[in-house]
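So this one's target13.txt, compact mmCIF, C-alpha atoms:
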# COMPACT_ATOMS: atom_id res chain seq x y z
CA MET A 491 -17.63 -31.84 -31.47
CA GLU A 492 -14.83 -31.28 -28.96
CA ALA A 493 -12.20 -31.96 -31.62
CA ASN A 494 -13.90 -29.56 -34.02
CA THR A 495 -13.92 -26.87 -31.33
CA ARG A 496 -10.20 -27.27 -30.82
CA SER A 497 -9.35 -27.24 -34.49
CA THR A 498 -11.39 -24.16 -35.40
CA GLY A 499 -10.54 -22.27 -32.24
CA ARG A 500 -14.21 -21.42 -31.66
CA LEU A 501 -15.69 -21.37 -28.18
CA PRO A 502 -18.48 -23.81 -27.25
CA ALA A 503 -22.00 -22.47 -27.77
CA ALA A 504 -22.59 -22.34 -23.99
CA PHE A 505 -19.79 -19.80 -23.66
CA LEU A 506 -21.36 -17.54 -26.30
CA THR A 507 -24.91 -17.67 -24.92
CA PRO A 508 -24.65 -17.32 -21.13
CA GLY A 509 -27.93 -18.03 -19.40
CA SER A 510 -27.30 -15.63 -16.51
CA SER A 511 -26.28 -11.99 -16.16
CA SER A 512 -24.06 -13.07 -13.26
CA PHE A 513 -20.47 -13.86 -14.18
CA MET A 514 -20.08 -15.75 -10.89
CA ASP A 515 -22.98 -18.06 -11.79
CA PHE A 516 -21.55 -18.56 -15.27
CA LEU A 517 -18.10 -19.38 -13.87
CA GLY A 518 -19.66 -21.66 -11.26
CA ASP A 519 -21.40 -23.67 -14.01
CA HIS A 520 -18.34 -24.09 -16.26
CA SER A 521 -15.22 -23.78 -14.05
CA PRO A 522 -16.30 -23.82 -10.39
CA GLU A 523 -12.76 -24.56 -9.21
CA MET A 524 -11.76 -21.03 -10.27
CA LEU A 525 -14.04 -19.41 -7.69
CA PRO A 526 -12.12 -18.55 -4.48
CA GLY A 527 -14.79 -19.97 -2.20
CA ARG A 528 -14.88 -23.34 -4.04
CA ARG A 529 -11.22 -24.15 -3.48
CA THR A 530 -10.30 -26.85 -1.00
CA LEU A 531 -7.66 -25.94 1.55
CA PRO A 532 -5.23 -28.59 2.82
CA PRO A 533 -5.53 -29.78 6.44
CA MET A 534 -3.78 -27.38 8.80
CA LYS A 535 -3.31 -26.48 12.42
CA GLY A 536 -3.26 -23.01 13.90
CA VAL A 537 -3.69 -19.68 12.12
CA ILE A 538 -2.43 -19.20 8.56
CA GLU A 539 0.14 -16.40 8.32
CA ALA A 540 -0.71 -14.40 5.20
CA PRO A 541 -0.43 -10.69 4.40
CA HIS A 542 -3.42 -8.73 5.67
CA GLY A 543 -4.68 -5.35 4.58
CA THR A 544 -5.69 -3.10 7.43
CA THR A 545 -7.66 0.15 7.58
CA ILE A 546 -10.15 1.53 5.05
CA VAL A 547 -12.28 4.64 5.63
CA ALA A 548 -15.07 6.42 3.75
CA ALA A 549 -17.00 9.65 4.15
CA SER A 550 -19.82 11.17 2.13
CA PHE A 551 -20.33 14.81 1.21
CA PRO A 552 -23.04 16.61 -0.78
CA GLY A 553 -22.41 15.41 -4.31
CA GLY A 554 -20.32 12.33 -3.70
CA VAL A 555 -18.23 10.11 -1.46
CA VAL A 556 -14.54 9.66 -0.58
CA LEU A 557 -12.99 6.21 -0.06
CA ALA A 558 -9.41 5.92 1.24
CA GLY A 559 -6.97 3.42 2.68
CA ASP A 560 -3.58 3.28 4.32
CA ARG A 561 -0.71 1.48 2.55
CA ARG A 562 0.47 -1.12 5.09
CA ALA A 563 0.01 -4.89 4.91
CA THR A 564 0.98 -7.00 7.91
CA MET A 565 1.76 -10.66 8.49
CA GLY A 566 1.51 -11.41 12.20
CA ASN A 567 3.68 -8.84 13.95
CA MET A 568 5.71 -8.15 10.79
CA ILE A 569 5.18 -5.50 8.11
CA ALA A 570 4.69 -7.53 4.92
CA GLN A 571 4.41 -4.55 2.56
CA ARG A 572 4.59 -0.78 3.06
CA ASP A 573 3.01 0.44 -0.17
CA ILE A 574 0.14 -1.93 -0.95
CA GLU A 575 -2.89 -0.47 -2.73
CA LYS A 576 -6.20 -1.32 -1.07
CA VAL A 577 -8.70 0.88 -2.91
CA PHE A 578 -9.85 -0.04 -6.43
CA PRO A 579 -12.51 1.16 -8.86
CA ALA A 580 -15.34 -1.35 -9.22
CA ASP A 581 -16.76 0.49 -12.21
CA GLU A 582 -17.26 4.09 -13.32
CA PHE A 583 -19.36 5.08 -10.30
CA SER A 584 -18.20 2.83 -7.45
CA ALA A 585 -15.10 1.63 -5.63
CA VAL A 586 -14.02 -1.08 -3.18
CA GLY A 587 -11.58 -0.79 -0.28
CA ILE A 588 -10.18 -4.09 0.97
CA ALA A 589 -9.35 -5.27 4.48
CA GLY A 590 -8.48 -8.81 5.49
CA THR A 591 -6.42 -11.44 3.65
CA ALA A 592 -4.75 -9.36 0.94
CA GLY A 593 -4.36 -11.99 -1.79
CA LEU A 594 -7.95 -13.22 -1.58
CA ALA A 595 -9.28 -9.66 -1.28
CA ILE A 596 -7.54 -8.49 -4.45
CA GLU A 597 -8.76 -11.59 -6.30
CA MET A 598 -12.30 -10.89 -5.07
CA VAL A 599 -12.11 -7.29 -6.33
CA LYS A 600 -11.01 -8.47 -9.80
CA LEU A 601 -13.89 -10.96 -9.86
CA PHE A 602 -16.30 -8.22 -8.75
CA GLN A 603 -15.10 -5.94 -11.54
CA LEU A 604 -15.73 -8.74 -14.05
CA GLU A 605 -19.14 -9.39 -12.50
CA LEU A 606 -20.25 -5.78 -13.07
CA GLU A 607 -18.78 -5.63 -16.57
CA HIS A 608 -20.41 -8.96 -17.50
CA PHE A 609 -23.82 -7.76 -16.28
CA GLU A 610 -23.55 -4.56 -18.32
CA LYS A 611 -22.64 -6.43 -21.50
CA VAL A 612 -25.36 -9.08 -21.12
CA GLU A 613 -28.18 -6.78 -19.97
CA GLY A 614 -27.16 -3.66 -21.91
CA ALA A 615 -27.51 -1.53 -18.78
CA THR A 616 -25.51 -0.87 -15.63
CA LEU A 617 -26.49 -2.45 -12.34
CA SER A 618 -27.92 -0.08 -9.72
CA LEU A 619 -25.69 0.84 -6.78
CA GLU A 620 -27.96 -1.20 -4.52
CA GLY A 621 -27.57 -4.16 -6.87
CA LYS A 622 -23.79 -3.81 -6.89
CA ALA A 623 -23.75 -3.82 -3.08
CA ASN A 624 -25.87 -6.99 -3.07
CA ARG A 625 -23.60 -8.74 -5.59
CA LEU A 626 -20.56 -8.01 -3.43
CA SER A 627 -22.43 -9.38 -0.41
CA THR A 628 -22.97 -12.67 -2.27
CA MET A 629 -19.29 -12.89 -3.15
CA ILE A 630 -18.22 -12.37 0.47
CA ARG A 631 -20.71 -15.02 1.63
CA SER A 632 -19.24 -17.51 -0.83
CA ASN A 633 -15.87 -17.08 0.92
CA LEU A 634 -17.28 -18.02 4.34
CA GLY A 635 -15.52 -21.41 4.41
CA MET A 636 -12.12 -19.76 4.04
CA ALA A 637 -13.08 -17.00 6.47
CA MET A 638 -13.75 -19.61 9.15
CA GLN A 639 -10.17 -20.82 8.63
CA GLY A 640 -8.74 -17.35 9.15
CA LEU A 641 -8.75 -16.11 5.55
CA ALA A 642 -11.43 -13.46 5.88
CA VAL A 643 -12.14 -10.60 3.49
CA VAL A 644 -14.11 -7.61 4.82
CA PRO A 645 -14.34 -4.80 2.25
CA LEU A 646 -15.92 -1.35 2.28
CA PHE A 647 -17.99 -0.42 -0.78
CA ALA A 648 -18.84 3.13 -1.80
CA GLY A 649 -20.26 4.81 -4.86
CA TYR A 650 -22.35 7.55 -6.36
CA ASP A 651 -26.01 6.61 -6.77
CA VAL A 652 -27.07 8.20 -10.06
CA ASP A 653 -30.74 7.59 -9.25
CA ARG A 654 -30.67 9.23 -5.81
CA GLU A 655 -27.94 11.71 -6.83
CA LYS A 656 -25.86 11.11 -3.69
CA GLY A 657 -22.87 9.20 -2.41
CA ARG A 658 -23.56 6.00 -0.43
CA ILE A 659 -21.40 3.71 1.72
CA PHE A 660 -21.87 0.00 2.50
CA SER A 661 -20.01 -2.09 5.07
CA TYR A 662 -19.95 -5.90 5.44
CA ASP A 663 -19.21 -8.65 7.93
CA VAL A 664 -17.46 -11.95 7.13
CA THR A 665 -20.79 -13.70 6.44
CA GLY A 666 -21.70 -11.20 3.73
CA GLY A 667 -24.09 -9.26 5.96
CA ARG A 668 -24.51 -5.80 4.45
CA SER A 669 -25.21 -2.49 6.20
CA GLU A 670 -25.58 0.94 4.70
CA GLU A 671 -23.62 3.51 6.69
CA ASN A 672 -24.78 7.05 7.34
CA GLY A 673 -22.13 9.62 6.52
CA TYR A 674 -18.94 7.73 7.30
CA ALA A 675 -17.57 4.23 7.90
CA ALA A 676 -14.38 2.30 8.55
CA THR A 677 -13.22 -1.31 8.41
CA GLY A 678 -10.04 -3.16 9.27
CA SER A 679 -7.82 -3.36 12.33
CA GLY A 680 -7.68 0.40 12.90
CA SER A 681 -11.37 0.97 12.20
CA VAL A 682 -12.30 1.61 15.84
CA PHE A 683 -9.88 4.53 16.08
CA ALA A 684 -10.67 5.83 12.59
CA ARG A 685 -14.41 5.74 13.26
CA GLY A 686 -13.95 7.58 16.56
CA SER A 687 -11.97 10.26 14.77
CA MET A 688 -14.61 10.74 12.06
CA LYS A 689 -17.44 10.65 14.55
CA LYS A 690 -16.21 13.90 16.12
CA LEU A 691 -15.20 15.66 12.89
CA PHE A 692 -17.87 14.66 10.37
CA ARG A 693 -20.51 17.17 9.24
CA GLU A 694 -23.28 16.84 6.68
CA ASP A 695 -22.12 19.94 4.78
CA LEU A 696 -18.49 18.97 4.15
CA THR A 697 -16.94 20.11 0.90
CA GLU A 698 -15.08 17.58 -1.24
CA GLN A 699 -11.73 18.90 -0.02
CA GLN A 700 -12.85 18.78 3.62
CA ALA A 701 -14.01 15.17 3.17
CA ILE A 702 -10.57 14.29 1.77
CA THR A 703 -8.91 15.94 4.77
CA LEU A 704 -11.30 14.12 7.12
CA VAL A 705 -10.44 10.63 5.86
CA ILE A 706 -6.70 11.29 5.98
CA GLN A 707 -7.06 12.64 9.52
CA ALA A 708 -8.92 9.45 10.42
CA LEU A 709 -6.20 7.25 8.92
CA TYR A 710 -3.59 9.24 10.85
CA ASP A 711 -5.50 8.65 14.10
CA ALA A 712 -5.84 4.94 13.28
CA ALA A 713 -2.08 4.67 12.67
CA ASP A 714 -1.45 6.51 15.94
CA ASP A 715 -3.11 3.72 17.96
CA ASP A 716 -3.04 0.66 15.70
CA SER A 717 0.36 -0.82 14.82
CA ALA A 718 -1.06 -2.59 11.75
CA THR A 719 -2.11 0.72 10.15
CA GLY A 720 0.56 2.72 8.36
CA GLY A 721 0.61 6.51 8.59
CA PRO A 722 2.01 8.87 5.93
CA ASP A 723 5.64 7.88 5.27
CA VAL A 724 7.37 11.09 4.20
CA ALA A 725 10.84 9.53 3.96
CA ARG A 726 9.65 6.88 1.45
CA ARG A 727 7.02 9.16 -0.13
CA ILE A 728 4.22 6.72 0.68
CA TYR A 729 0.85 8.37 1.25
CA PRO A 730 -2.75 7.12 1.63
CA ILE A 731 -4.69 6.11 -1.48
CA VAL A 732 -7.65 8.50 -1.75
CA THR A 733 -10.46 8.18 -4.30
CA ILE A 734 -13.48 10.38 -4.98
CA ILE A 735 -16.70 9.28 -6.68
CA THR A 736 -19.16 11.92 -7.90
CA GLU A 737 -21.61 12.36 -10.77
CA ASP A 738 -18.52 12.76 -12.96
CA GLY A 739 -17.36 9.24 -12.02
CA PHE A 740 -14.39 7.73 -10.21
CA ARG A 741 -11.21 9.73 -9.64
CA LYS A 742 -8.05 8.83 -7.74
CA LEU A 743 -5.94 11.57 -6.17
CA THR A 744 -2.49 11.84 -7.64
CA GLU A 745 0.48 11.24 -5.37
CA THR A 746 1.12 15.00 -5.37
CA GLU A 747 -2.44 15.80 -4.30
CA SER A 748 -2.45 13.14 -1.58
CA SER A 749 0.97 14.18 -0.27
CA GLU A 750 -0.04 17.84 -0.03
CA VAL A 751 -2.96 17.04 2.26
CA ALA A 752 -0.92 14.54 4.29
CA ARG A 753 1.97 16.97 4.72
CA SER A 754 -0.35 19.77 5.84
CA ILE A 755 -1.86 17.43 8.45
CA LEU A 756 1.61 16.40 9.63
CA GLU A 757 2.60 20.04 10.06
CA ARG A 758 -0.47 20.75 12.18
CA ARG A 759 0.16 17.61 14.22
CA MET A 760 3.55 19.01 15.21
CA GLU A 761 1.57 21.59 17.19
CA GLN A 762 -1.39 19.34 18.09
CA PRO A 763 -0.21 15.69 18.20
CA ASP A 764 -3.72 14.42 18.95
CA GLY A 765 -5.25 16.29 16.03
CA PRO A 766 -8.14 18.78 15.80
CA ARG A 767 -10.45 19.18 18.77
CA ALA A 768 -14.21 18.94 18.57
CA ALA A 769 -16.42 21.33 20.52
CA LEU A 770 -17.94 19.98 23.76
CA LEU A 771 -21.39 21.24 22.79
If you convert what's in this file into structure tokens, what do you get?
Amino acid sequence: MEANTRSTGRLPAAFLTPGSSSFMDFLGDHSPEMLPGRRTLPPMKGVIEAPHGTTIVAASFPGGVVLAGDRRATMGNMIAQRDIEKVFPADEFSAVGIAGTAGLAIEMVKLFQLELEHFEKVEGATLSLEGKANRLSTMIRSNLGMAMQGLAVVPLFAGYDVDREKGRIFSYDVTGGRSEENGYAATGSGSVFARGSMKKLFREDLTEQQAITLVIQALYDAADDDSATGGPDVARRIYPIVTIITEDGFRKLTETESSEVARSILERRMEQPDGPRAALL
């Protein structure tokens, strides 16, 4: 049977009739060694030095949600990469921003994209936004062994819920614990400063353009206090990755669009280095 499979080039029957709508379960049954969380790490001492993604932010507005990230990856006290991309579409109506061990995080995003595509092809329908958030939680939990050895992945997930007709944001911890955020969220090394910035500037009635400005302001504030977060780099033309998800689907700002907002913020910061002020009452 095996020889016949090789000679004809046909896949085994098990590959053509998957018993589960989960690609992770299917991969775990047939090639478990390909799952990130199933790999065995060699014995080691101390912390592994690997490139880490830093700050991701998200903010909702009536009609959608904005997910953005800075471009810096660090390795210890060194800048490993200045122009890394940390925000990716998961499917037509959702996106993932990665923080933590960059290599594992990007691999997890690719696996998550396959998971959602596999479900849609097997079931003939798209998974709900709630279901997508739960699937990502399971994937993060499967990486717990590596996380305990310093190779953690802590993403931010956002999307447009077509059933509720609103943008929603989900944050996670290293164990896969999931929390739905109200209005705005941040993860990564600069998240404390980014969240503080958004806390004072966020409003329920933001327009799409105001939400875009808000997340870039938050990334600027994070970079101002966190050395692992990269601010807009005008000299190298490196600007934050900003994505918008609405009822029309996923859209990524062009470099021109992102740079225009970043440059306008930089100009205002020349007059107000600490950024816009919130009213006391």
**Request:** Pick out the closest residue to Thr746 (chain A) from this set: A:Glu582, A:Arg758, A:Val577, A:Arg727. Count all atoms listed in the file.
**Result:** A:Arg727
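The space separating CA of Val547 (chain A) from CA of Leu704 (chain A) comes to 9.6 Å.
Each of A:Ser748, A:Thr736, A:Gln571, A:Ser687 was compared to Val724 (chain A) using only C-alpha atoms, and A:Ser748 turns out to be the nearest.
Atom to atom, CA of Val586 (chain A) and CA of Pro730 (chain A) stand 14.7 Å apart.
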**Message:** Which residues are near region 664-676 of chain A? Cut-off 6 Å, all atoms listed in the file, ignore same chain within fewer than 2 positions. Put them as an NGL selection string.
**Reply:** :A and (546-550 or 627 or 630-631 or 634 or 644 or 659-662 or 681 or 685)
**Item:** Interatomic distance, CA of Pro579 (chain A) to CA of Ala637 (chain A) (Å, one decimal)
**Value:** 23.8 Å
**Asked** Mind listing as a list in words all residues within 8 Å of (-10.6, -13.0, -0.4), counting all atoms listed in the file?
**Response** Pro526, Gly590, Thr591, Ala592, Gly593, Leu594, Ala595, Ile596, Glu597, Met598, Ile630, Asn633, Leu641, Ala642 and Val643 of chain A
**Request:** Mind checking which residues fall within 12 Å of Ile574 (chain A), counting all atoms listed in the file, ignoring those fewer than 3 positions away in the same chain, and posting them as number ranges by chain?
**Result:** A: 541-545, 559-564, 569-571, 577-578, 587-589, 592-593, 596, 719-720, 728-731
**Asked** Which one is closest to Asp715 (chain A): A:Gly649, A:Gly680, A:Gly739, A:Gly614? Count all atoms listed in the file.
**Response** A:Gly680
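Taking only C-alpha atoms into account, Leu709 (chain A) lies nearest to A:Val682 out of the set A:Leu626, A:Met568, A:Val682, A:Leu696.
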**Request:** Choose the residue, out of A:Met636, A:Ala684, A:Ala580, A:Val732, that has the smallest atom-to-atom separation from Asp716 (chain A); count all atoms listed in the file.
**Result:** A:Ala684
**Asked** Which neighbours of Val751 (chain A) fall inside 12 Å, counting only C-alpha atoms, when residues of the same chain fewer than 2 positions from it are skipped, and could you give them as a ChimeraX atom specification?
**Response** /A:699-707,710,722,729-732,743-749,753-758
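Nearest-residue note for Ala752 (chain A): choosing from A:Lys690, A:Ala708, A:Glu610, A:Gly553, the minimum distance belongs to A:Ala708, counting all atoms listed in the file.
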With all heavy atoms as the target, complete region 721-732 of chain A and hand it back as an mmCIF file, in the frame of the given file.
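rebuild_32.cif, freshly written:
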data_model
loop_
_atom_site.group_PDB
_atom_site.id
_atom_site.type_symbol
_atom_site.label_atom_id
_atom_site.label_comp_id
_atom_site.auth_asym_id
_atom_site.auth_seq_id
_atom_site.Cartn_x
_atom_site.Cartn_y
_atom_site.Cartn_z
ATOM 1 N N GLY A 721 0.848 5.083 8.800
ATOM 2 C CA GLY A 721 0.610 6.510 8.590
ATOM 3 C C GLY A 721 1.389 7.008 7.386
ATOM 4 O O GLY A 721 2.125 6.256 6.747
ATOM 5 N N PRO A 722 1.242 8.290 7.046
ATOM 6 C CA PRO A 722 2.010 8.870 5.930
ATOM 7 C C PRO A 722 3.514 8.681 6.168
ATOM 8 O O PRO A 722 4.024 8.997 7.235
ATOM 9 C CB PRO A 722 1.624 10.346 5.968
ATOM 10 C CG PRO A 722 0.288 10.374 6.645
ATOM 11 C CD PRO A 722 0.338 9.282 7.665
ATOM 12 N N ASP A 723 4.201 8.139 5.171
ATOM 13 C CA ASP A 723 5.640 7.880 5.270
ATOM 14 C C ASP A 723 6.358 8.883 4.376
ATOM 15 O O ASP A 723 6.544 8.657 3.179
ATOM 16 C CB ASP A 723 5.931 6.445 4.811
ATOM 17 C CG ASP A 723 7.353 6.000 5.133
ATOM 18 O OD1 ASP A 723 8.228 6.878 5.233
ATOM 19 O OD2 ASP A 723 7.581 4.784 5.266
ATOM 20 N N VAL A 724 6.761 10.007 4.963
ATOM 21 C CA VAL A 724 7.370 11.090 4.200
ATOM 22 C C VAL A 724 8.718 10.666 3.625
ATOM 23 O O VAL A 724 9.057 10.998 2.483
ATOM 24 C CB VAL A 724 7.528 12.348 5.079
ATOM 25 C CG1 VAL A 724 8.216 13.464 4.302
ATOM 26 C CG2 VAL A 724 6.164 12.824 5.573
ATOM 27 N N ALA A 725 9.511 9.937 4.404
ATOM 28 C CA ALA A 725 10.840 9.530 3.960
ATOM 29 C C ALA A 725 10.770 8.675 2.689
ATOM 30 O O ALA A 725 11.591 8.829 1.776
ATOM 31 C CB ALA A 725 11.558 8.768 5.067
ATOM 32 N N ARG A 726 9.788 7.765 2.622
ATOM 33 C CA ARG A 726 9.650 6.880 1.450
ATOM 34 C C ARG A 726 8.638 7.407 0.441
ATOM 35 O O ARG A 726 8.359 6.759 -0.554
ATOM 36 C CB ARG A 726 9.240 5.477 1.914
ATOM 37 C CG ARG A 726 10.281 4.777 2.788
ATOM 38 C CD ARG A 726 9.811 3.368 3.146
ATOM 39 N NE ARG A 726 10.800 2.643 3.918
ATOM 40 C CZ ARG A 726 10.894 2.681 5.244
ATOM 41 N NH1 ARG A 726 10.030 3.423 5.944
ATOM 42 N NH2 ARG A 726 11.825 1.995 5.873
ATOM 43 N N ARG A 727 8.044 8.551 0.731
ATOM 44 C CA ARG A 727 7.020 9.160 -0.130
ATOM 45 C C ARG A 727 5.846 8.197 -0.363
ATOM 46 O O ARG A 727 5.388 7.980 -1.484
ATOM 47 C CB ARG A 727 7.620 9.595 -1.468
ATOM 48 C CG ARG A 727 8.668 10.698 -1.337
ATOM 49 C CD ARG A 727 9.210 11.119 -2.694
ATOM 50 N NE ARG A 727 10.125 12.231 -2.568
ATOM 51 C CZ ARG A 727 11.427 12.115 -2.271
ATOM 52 N NH1 ARG A 727 11.935 10.894 -2.035
ATOM 53 N NH2 ARG A 727 12.205 13.172 -2.186
ATOM 54 N N ILE A 728 5.372 7.619 0.729
ATOM 55 C CA ILE A 728 4.220 6.720 0.680
ATOM 56 C C ILE A 728 3.056 7.391 1.410
ATOM 57 O O ILE A 728 3.155 7.681 2.602
ATOM 58 C CB ILE A 728 4.539 5.356 1.325
ATOM 59 C CG1 ILE A 728 5.701 4.678 0.589
ATOM 60 C CG2 ILE A 728 3.307 4.452 1.306
ATOM 61 C CD1 ILE A 728 6.194 3.415 1.265
ATOM 62 N N TYR A 729 1.995 7.659 0.686
ATOM 63 C CA TYR A 729 0.850 8.370 1.250
ATOM 64 C C TYR A 729 -0.430 7.578 1.021
ATOM 65 O O TYR A 729 -0.469 6.685 0.160
ATOM 66 C CB TYR A 729 0.740 9.761 0.601
ATOM 67 C CG TYR A 729 1.984 10.594 0.757
ATOM 68 C CD1 TYR A 729 2.928 10.672 -0.267
ATOM 69 C CD2 TYR A 729 2.240 11.271 1.946
ATOM 70 C CE1 TYR A 729 4.084 11.425 -0.123
ATOM 71 C CE2 TYR A 729 3.399 12.020 2.106
ATOM 72 C CZ TYR A 729 4.316 12.085 1.072
ATOM 73 O OH TYR A 729 5.466 12.814 1.234
ATOM 74 N N PRO A 730 -1.497 7.870 1.780
ATOM 75 C CA PRO A 730 -2.750 7.120 1.630
ATOM 76 C C PRO A 730 -3.284 7.183 0.199
ATOM 77 O O PRO A 730 -3.085 8.178 -0.511
ATOM 78 C CB PRO A 730 -3.705 7.823 2.604
ATOM 79 C CG PRO A 730 -2.804 8.465 3.610
ATOM 80 C CD PRO A 730 -1.579 8.876 2.861
ATOM 81 N N ILE A 731 -3.964 6.112 -0.211
ATOM 82 C CA ILE A 731 -4.690 6.110 -1.480
ATOM 83 C C ILE A 731 -6.056 6.736 -1.214
ATOM 84 O O ILE A 731 -6.800 6.279 -0.347
ATOM 85 C CB ILE A 731 -4.873 4.686 -2.028
ATOM 86 C CG1 ILE A 731 -3.522 4.053 -2.339
ATOM 87 C CG2 ILE A 731 -5.762 4.697 -3.269
ATOM 88 C CD1 ILE A 731 -2.764 4.708 -3.469
ATOM 89 N N VAL A 732 -6.375 7.802 -1.945
ATOM 90 C CA VAL A 732 -7.650 8.500 -1.750
ATOM 91 C C VAL A 732 -8.382 8.567 -3.082
ATOM 92 O O VAL A 732 -7.814 8.980 -4.102
ATOM 93 C CB VAL A 732 -7.424 9.930 -1.216
ATOM 94 C CG1 VAL A 732 -8.765 10.621 -0.976
ATOM 95 C CG2 VAL A 732 -6.597 9.910 0.066
#
